[in-house]
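Source file coords.cif; content: mmCIF, C-alpha atoms.
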```cif
data_query
#
loop_
_atom_site.label_atom_id
_atom_site.label_comp_id
_atom_site.auth_asym_id
_atom_site.auth_seq_id
_atom_site.Cartn_x
_atom_site.Cartn_y
_atom_site.Cartn_z
CA MET L 1 243.01 134.14 -77.22
CA PRO L 2 239.28 133.76 -78.08
CA ALA L 3 236.82 133.50 -75.23
CA PRO L 4 235.73 129.99 -74.15
CA GLY L 5 233.30 128.56 -76.65
CA GLU L 6 234.26 130.97 -79.42
CA THR L 7 234.74 129.31 -82.78
CA GLY L 8 237.17 130.08 -85.55
CA PRO L 9 240.95 130.30 -85.75
CA ARG L 10 242.79 131.23 -82.57
CA GLY L 11 246.22 131.69 -81.09
CA TYR L 12 248.24 133.94 -78.79
CA SER L 13 249.94 135.38 -81.88
CA LEU L 14 249.74 135.05 -85.64
CA PRO L 15 249.38 132.76 -87.46
CA LEU L 16 245.94 131.75 -86.17
CA SER L 17 244.71 128.19 -86.58
CA PRO L 18 241.78 126.03 -85.36
CA THR L 19 243.57 124.96 -82.15
CA GLY L 20 246.10 127.78 -81.85
CA ALA L 21 249.00 125.38 -82.42
CA ALA L 22 250.31 127.43 -85.37
CA ALA L 23 251.00 130.55 -83.28
CA MET L 24 254.66 131.63 -83.32
CA LEU L 25 254.46 132.69 -79.68
CA THR L 26 253.20 130.82 -76.66
CA PRO L 27 251.59 132.99 -73.96
CA PRO L 28 253.83 134.28 -71.16
CA PRO L 29 255.40 133.65 -68.74
CA TRP L 30 258.68 133.11 -70.60
CA HIS L 31 261.79 131.89 -68.78
CA PHE L 32 265.30 133.01 -69.81
CA SER L 33 268.82 131.94 -68.87
CA GLY L 34 271.77 133.63 -70.52
CA GLU L 35 275.48 134.40 -70.66
CA ILE L 36 276.10 138.16 -70.73
CA VAL L 37 279.00 140.28 -71.97
CA MET L 38 278.22 143.92 -71.13
CA VAL L 39 280.10 147.20 -71.51
CA ASP L 40 279.13 150.39 -69.68
CA TYR L 41 279.77 153.62 -71.55
CA ARG L 42 278.79 157.27 -71.77
CA ALA L 43 276.91 158.72 -74.73
CA ASP L 44 276.14 162.34 -75.53
CA PRO L 45 273.35 163.29 -73.05
CA ARG L 46 271.72 165.50 -75.69
CA ALA L 47 271.57 162.56 -78.11
CA VAL L 48 270.20 160.24 -75.41
CA ARG L 49 267.44 162.72 -74.67
CA ARG L 50 266.34 162.60 -78.31
CA PHE L 51 265.84 158.82 -78.02
CA LEU L 52 263.57 159.14 -74.97
CA PRO L 53 259.78 159.68 -75.21
CA SER L 54 258.47 162.79 -73.49
CA GLU L 55 257.30 160.85 -70.42
CA LEU L 56 260.88 159.86 -69.59
CA ASP L 57 263.76 162.04 -68.45
CA PRO L 58 267.51 161.30 -68.49
CA GLY L 59 267.51 160.51 -64.77
CA PRO L 60 270.26 161.18 -62.25
CA ASP L 61 273.10 160.14 -64.60
CA PRO L 62 272.48 161.68 -68.05
CA GLY L 63 274.35 159.89 -70.81
CA ALA L 64 274.69 156.56 -68.99
CA ALA L 65 274.49 153.75 -71.54
CA ALA L 66 275.46 150.12 -72.03
CA ALA L 67 276.09 147.69 -74.87
CA VAL L 68 274.92 144.17 -74.05
CA PHE L 69 275.69 140.89 -75.83
CA ALA L 70 273.62 137.94 -74.65
CA ASP L 71 273.57 134.24 -75.52
CA TRP L 72 270.10 133.11 -74.42
CA GLN L 73 268.21 129.90 -73.81
CA TRP L 74 264.48 130.26 -73.17
CA CYS L 75 261.32 128.22 -72.65
CA SER L 76 257.63 128.70 -71.97
CA ASP L 77 256.03 127.57 -68.73
CA SER L 78 255.68 124.01 -70.00
CA GLY L 79 259.37 123.76 -70.83
CA ALA L 80 258.49 121.99 -74.09
CA GLU L 81 260.99 124.08 -76.11
CA GLN L 82 263.91 122.45 -74.30
CA ALA L 83 263.29 119.26 -76.29
CA ASP L 84 264.19 121.19 -79.47
CA PRO L 85 267.42 123.06 -78.69
CA GLY L 86 267.36 124.85 -82.01
CA SER L 87 264.10 126.57 -81.14
CA CYS L 88 265.03 127.81 -77.69
CA ARG L 89 268.42 129.45 -78.26
CA PHE L 90 269.17 132.87 -79.69
CA GLY L 91 271.72 135.65 -79.62
CA GLU L 92 270.89 139.26 -78.81
CA PHE L 93 272.56 142.67 -78.81
CA LEU L 94 271.09 145.69 -77.00
CA ILE L 95 271.88 149.35 -76.51
CA LEU L 96 270.47 150.45 -73.14
CA LEU L 97 270.07 154.08 -72.06
CA GLY L 98 269.71 155.20 -68.48
CA CYS L 99 266.52 157.17 -67.80
CA ALA L 100 263.80 157.73 -65.21
CA TYR L 101 260.02 157.72 -65.04
CA ARG L 102 258.58 160.00 -62.35
CA GLY L 103 261.81 159.68 -60.39
CA ARG L 104 262.12 155.90 -60.73
CA PRO L 105 265.36 154.75 -62.42
CA MET L 106 264.80 152.68 -65.56
CA ALA L 107 266.55 151.70 -68.77
CA ARG L 108 265.36 152.32 -72.30
CA CYS L 109 266.34 149.89 -75.06
CA ALA L 110 267.10 152.17 -78.00
CA TYR L 111 268.30 149.40 -80.33
CA ALA L 112 268.06 145.61 -80.31
CA TRP L 113 269.08 142.87 -82.71
CA VAL L 114 268.38 139.13 -82.50
CA ASP L 115 269.21 136.22 -84.79
CA SER L 116 265.90 134.36 -84.73
CA ALA L 117 262.31 135.14 -85.72
CA VAL L 118 260.51 134.15 -82.50
CA PRO L 119 262.47 136.47 -80.17
CA MET L 120 262.07 139.26 -82.70
CA LEU L 121 258.27 138.87 -82.67
CA ARG L 122 258.29 138.53 -78.88
CA GLY L 123 260.23 141.78 -78.70
CA TRP L 124 257.63 143.57 -80.83
CA VAL L 125 254.89 142.31 -78.48
CA GLN L 126 256.82 143.92 -75.60
CA GLY L 127 257.61 147.10 -77.51
CA MET L 128 261.31 146.32 -77.93
CA PRO L 129 262.80 147.58 -81.23
CA LYS L 130 264.19 144.22 -82.34
CA GLN L 131 265.71 143.67 -85.78
CA PHE L 132 267.57 140.81 -87.44
CA GLY L 133 271.34 140.65 -87.03
CA GLU L 134 274.23 138.23 -86.59
CA ILE L 135 275.47 138.15 -83.00
CA ALA L 136 278.58 136.35 -81.81
CA GLN L 137 280.25 136.35 -78.43
CA SER L 138 282.85 134.41 -76.48
CA ARG L 139 281.53 131.55 -74.40
CA PRO L 140 283.26 130.76 -71.11
CA VAL L 141 284.99 127.39 -70.87
CA ALA L 142 285.77 125.28 -67.82
CA VAL L 143 288.45 123.12 -69.49
CA GLY L 144 290.95 123.57 -72.29
CA ARG L 145 292.32 126.63 -74.06
CA ALA L 146 289.71 127.17 -76.80
CA GLY L 147 287.86 129.89 -74.90
CA PRO L 148 288.16 132.32 -71.99
CA ARG L 149 287.73 131.40 -68.34
CA VAL L 150 285.62 133.51 -66.00
CA ALA L 151 288.71 134.40 -64.04
CA GLU L 152 291.44 137.04 -63.88
CA ARG L 153 292.80 137.86 -67.37
CA GLY L 154 289.90 136.10 -69.09
CA ARG L 155 289.25 137.99 -72.33
CA PHE L 156 285.73 138.06 -73.79
CA HIS L 157 284.62 139.41 -77.16
CA GLY L 158 281.29 140.34 -78.74
CA ALA L 159 280.37 141.32 -82.29
CA LEU L 160 277.23 142.37 -84.16
CA SER L 161 276.89 142.36 -87.95
CA VAL L 162 273.85 143.61 -89.87
CA ARG L 163 273.36 142.89 -93.58
CA GLY L 164 276.96 141.75 -93.80
CA ARG L 165 278.39 144.91 -92.22
CA ARG L 166 280.01 145.06 -88.77
CA VAL L 167 277.99 147.35 -86.49
CA ALA L 168 279.39 146.76 -83.00
CA GLU L 169 282.50 145.21 -81.43
CA ALA L 170 283.46 144.90 -77.78
CA THR L 171 286.09 143.27 -75.58
CA VAL L 172 286.20 142.74 -71.83
CA THR L 173 289.38 141.69 -70.02
CA LEU L 174 288.50 140.48 -66.55
CA ALA L 175 290.39 141.84 -63.57
CA GLY L 176 288.34 140.67 -60.60
CA ARG L 177 284.95 140.12 -59.01
CA ALA L 178 282.54 143.03 -58.95
CA ALA L 179 280.75 144.25 -55.84
CA GLY L 180 277.39 143.70 -57.57
CA PRO L 181 275.58 143.63 -60.91
CA PRO L 182 275.97 146.55 -63.34
CA ALA L 183 273.41 149.27 -62.73
CA LEU L 184 271.63 149.23 -66.09
CA HIS L 185 271.01 145.48 -65.74
CA THR L 186 269.17 145.86 -62.43
CA VAL L 187 266.47 148.41 -63.32
CA PRO L 188 263.17 147.85 -65.16
CA LEU L 189 263.10 148.19 -68.93
CA VAL L 190 260.66 150.70 -70.39
CA HIS L 191 259.38 150.25 -73.96
CA THR L 192 256.94 151.79 -76.42
CA ARG L 193 254.40 149.37 -77.85
CA THR L 194 253.34 150.61 -81.25
CA PHE L 195 251.59 149.27 -84.31
CA PRO L 196 252.05 151.12 -87.61
CA GLY L 197 248.94 152.84 -88.90
CA TRP L 198 247.05 150.79 -91.47
CA ILE L 199 243.34 151.45 -91.00
CA ARG L 200 242.40 154.80 -92.49
CA ASP L 201 241.17 157.47 -90.07
CA HIS L 202 242.24 155.47 -87.00
CA PRO L 203 245.11 156.80 -84.85
CA GLU L 204 248.28 154.80 -84.51
CA PRO L 205 248.24 153.13 -81.06
CA ARG L 206 251.20 153.84 -78.77
CA GLN L 207 251.64 152.59 -75.20
CA LEU L 208 254.49 153.27 -72.78
CA VAL L 209 255.02 150.02 -70.89
CA CYS L 210 257.31 148.50 -68.30
CA SER L 211 258.34 144.85 -68.23
CA GLU L 212 257.37 142.84 -65.15
CA VAL L 213 259.86 140.09 -64.25
CA THR L 214 260.27 137.57 -61.44
CA ASP L 215 262.84 134.93 -60.43
CA VAL L 216 265.79 137.19 -61.24
CA GLU L 217 269.15 135.51 -60.65
CA PHE L 218 272.71 136.75 -61.16
CA SER L 219 275.81 134.63 -61.05
CA GLU L 220 278.98 136.08 -59.63
CA VAL L 221 279.80 139.16 -61.73
CA TRP L 222 283.33 139.66 -63.02
CA THR L 223 284.51 143.03 -64.27
CA GLY L 224 287.48 144.61 -66.00
CA ALA L 225 288.73 146.97 -68.68
CA ALA L 226 286.66 147.15 -71.86
CA THR L 227 286.67 148.46 -75.40
CA LEU L 228 283.60 149.30 -77.48
CA ARG L 229 283.20 150.43 -81.07
CA LEU L 230 279.90 151.30 -82.75
CA SER L 231 279.95 151.97 -86.49
CA ASP L 232 277.64 154.03 -88.69
CA ALA L 233 276.50 150.95 -90.65
CA ALA L 234 273.11 150.46 -88.97
CA ASP L 235 271.25 153.68 -89.83
CA ALA L 236 271.72 157.45 -89.79
CA ASP L 237 270.72 157.81 -86.12
CA PHE L 238 272.72 154.93 -84.63
CA PRO L 239 276.04 156.88 -84.55
CA LEU L 240 274.40 159.45 -82.27
CA LEU L 241 274.79 156.92 -79.45
CA ALA L 242 278.49 156.25 -80.08
CA PRO L 243 280.61 156.15 -76.90
CA LEU L 244 282.22 159.35 -75.69
CA GLU L 245 283.87 157.37 -72.91
CA VAL L 246 284.05 153.61 -72.30
CA GLY L 247 283.71 152.33 -68.75
CA ASP L 248 284.02 148.88 -67.26
CA GLY L 249 283.00 145.63 -68.88
CA HIS L 250 281.17 142.81 -67.13
CA VAL L 251 280.73 139.07 -67.64
CA PHE L 252 278.05 137.09 -65.82
CA SER L 253 275.17 134.66 -66.11
CA TYR L 254 271.63 135.96 -65.71
CA ALA L 255 268.12 134.51 -65.48
CA GLU L 256 264.62 135.92 -65.25
CA THR L 257 260.98 135.09 -65.89
CA LEU L 258 259.17 137.63 -68.07
CA CYS L 259 255.56 137.72 -66.92
CA ALA L 260 253.79 140.65 -68.58
CA GLY L 261 253.89 144.33 -69.34
CA ARG L 262 252.43 147.19 -67.29
CA LEU L 263 251.10 150.47 -68.68
CA LEU L 264 252.96 153.54 -67.45
CA ARG L 265 250.61 156.16 -68.80
#
```

Have the structure of the file written as structure tokens, please.
Amino acid sequence: MPAPGETGPRGYSLPLSPTGAAAMLTPPPWHFSGEIVMVDYRADPRAVRRFLPSELDPGPDPGAAAAVFADWQWCSDSGAEQADPGSCRFGEFLILLGCAYRGRPMARCAYAWVDSAVPMLRGWVQGMPKQFGEIAQSRPVAVGRAGPRVAERGRFHGALSVRGRRVAEATVTLAGRAAGPPALHTVPLVHTRTFPGWIRDHPEPRQLVCSEVTDVEFSEVWTGAATLRLSDAADADFPLLAPLEVGDGHVFSYAETLCAGRLLR
């Protein structure tokens, strides 16, 4: 934002305008509440290492990974977005890789897809590699038979399609309550903020950053047997992270407030 008294177009993000009202993004903090379908799996540790910047190492559990489907609702600090439900909801799919920074466990988001422009831009601000995709997942129901219950034998599905091609599919069949949240959903996310080179003779800026969050809340977590399939339809590197072994699946509600990023180097 321009300094007080500065004239000209302004805004937290593009597009700039006289009052800043045209900006696609409002300044943080941003508040999120979501329904999560998550599958733990193991990828080839050598492939995972290739997706990590040099400052990160594979951590104590090389090859640990997770596929995450999320149905989000979000708002800025004013809560104004809640008056327009179409603007504050989006779907998301992530591939998370276990890693560590100077001995501290973290997770690296190697791939991310969303189905709306604002969360994609917000991801780029954070350094998340967000792209456009079509995300669908089962929503829990409290009455009727048109959806799964968060209870024993409840069966949840998630699917990602990109440019009309199916890229990821998962199922979770609940067996019981978990002792706690899944590991890769409890550690900080580490990203690389980058802006492609455009100005001649100026280096491309790159920053390793960690997300800072507050007000984290988990519902009761249910877990059970899972399936996961990743196709080769996204790009030539995506199949490198295909599952060698599929672990447990998890279903839960999650909330956080995303405050800012912190430089790690």

Name the residues in contact with L:Ala226 at a cut-off of 9 Å, using only C-alpha atoms, excluding same-chain residues fewer than 6 positions from it; report them as a compact mmCIF listing (two decimals) with C-alpha atoms, keeping the file's coordinate frame.
```
# COMPACT_ATOMS: atom_id res chain seq x y z
CA VAL L 39 280.10 147.20 -71.51
CA ASP L 40 279.13 150.39 -69.68
CA ALA L 170 283.46 144.90 -77.78
CA THR L 171 286.09 143.27 -75.58
CA VAL L 172 286.20 142.74 -71.83
CA THR L 173 289.38 141.69 -70.02
CA LEU L 174 288.50 140.48 -66.55
CA VAL L 246 284.05 153.61 -72.30
CA GLY L 247 283.71 152.33 -68.75
CA ASP L 248 284.02 148.88 -67.26
CA GLY L 249 283.00 145.63 -68.88
CA HIS L 250 281.17 142.81 -67.13
```

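Residues captured in this structure file are Glu35, Asp71, Gln137, Ser138, Ala151, Glu152, Arg153, Gly154, Arg155, Phe156, His157, Leu174, Trp222, Val251 and Phe252 of chain L, according to the PyMOL selection byres ((chain L and resi 139-150) around 9).
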
Residue selection dump (C-alpha atoms) as a PDB file, in the frame of the given file:
```pdb
ATOM      1  CA  GLU L  35     275.480 134.400 -70.660  1.00  0.00           C
ATOM      2  CA  ASP L  71     273.570 134.240 -75.520  1.00  0.00           C
ATOM      3  CA  GLN L 137     280.250 136.350 -78.430  1.00  0.00           C
ATOM      4  CA  SER L 138     282.850 134.410 -76.480  1.00  0.00           C
ATOM      5  CA  ALA L 151     288.710 134.400 -64.040  1.00  0.00           C
ATOM      6  CA  GLU L 152     291.440 137.040 -63.880  1.00  0.00           C
ATOM      7  CA  ARG L 153     292.800 137.860 -67.370  1.00  0.00           C
ATOM      8  CA  GLY L 154     289.900 136.100 -69.090  1.00  0.00           C
ATOM      9  CA  ARG L 155     289.250 137.990 -72.330  1.00  0.00           C
ATOM     10  CA  PHE L 156     285.730 138.060 -73.790  1.00  0.00           C
ATOM     11  CA  HIS L 157     284.620 139.410 -77.160  1.00  0.00           C
ATOM     12  CA  LEU L 174     288.500 140.480 -66.550  1.00  0.00           C
ATOM     13  CA  TRP L 222     283.330 139.660 -63.020  1.00  0.00           C
ATOM     14  CA  VAL L 251     280.730 139.070 -67.640  1.00  0.00           C
ATOM     15  CA  PHE L 252     278.050 137.090 -65.820  1.00  0.00           C
TER      16      PHE L 252
END
```

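Picture a line from atom CA of L:Val37 to atom CA of L:Ala168; it runs 12.8 Å.
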
What does the distance between atom CA of L:Gly180 and atom CA of L:Gln73 come to in Å, to one decimal place? 23.2 Å

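For the choices L:Val125, L:Trp198, L:Gly158, L:Val190, the atom-to-atom distance to L:Ala100 is smallest for L:Val190 when using only C-alpha atoms.
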
Explicit residues for the PyMOL selection byres ((chain L and resi 82-98) around 6) (as a PyMOL selection string): chain L and resi 64-74+79-81+99+107-115+135

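Our summary of the geometry notes that atom CA of L:Leu25 is positioned 16.9 Å from atom CA of L:Gln131.
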
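Distance annotation: of L:Pro239, L:Pro182, L:Gly224, L:Pro18, the residue with the minimal separation from L:Val48 is L:Pro239; atom set is only C-alpha atoms.
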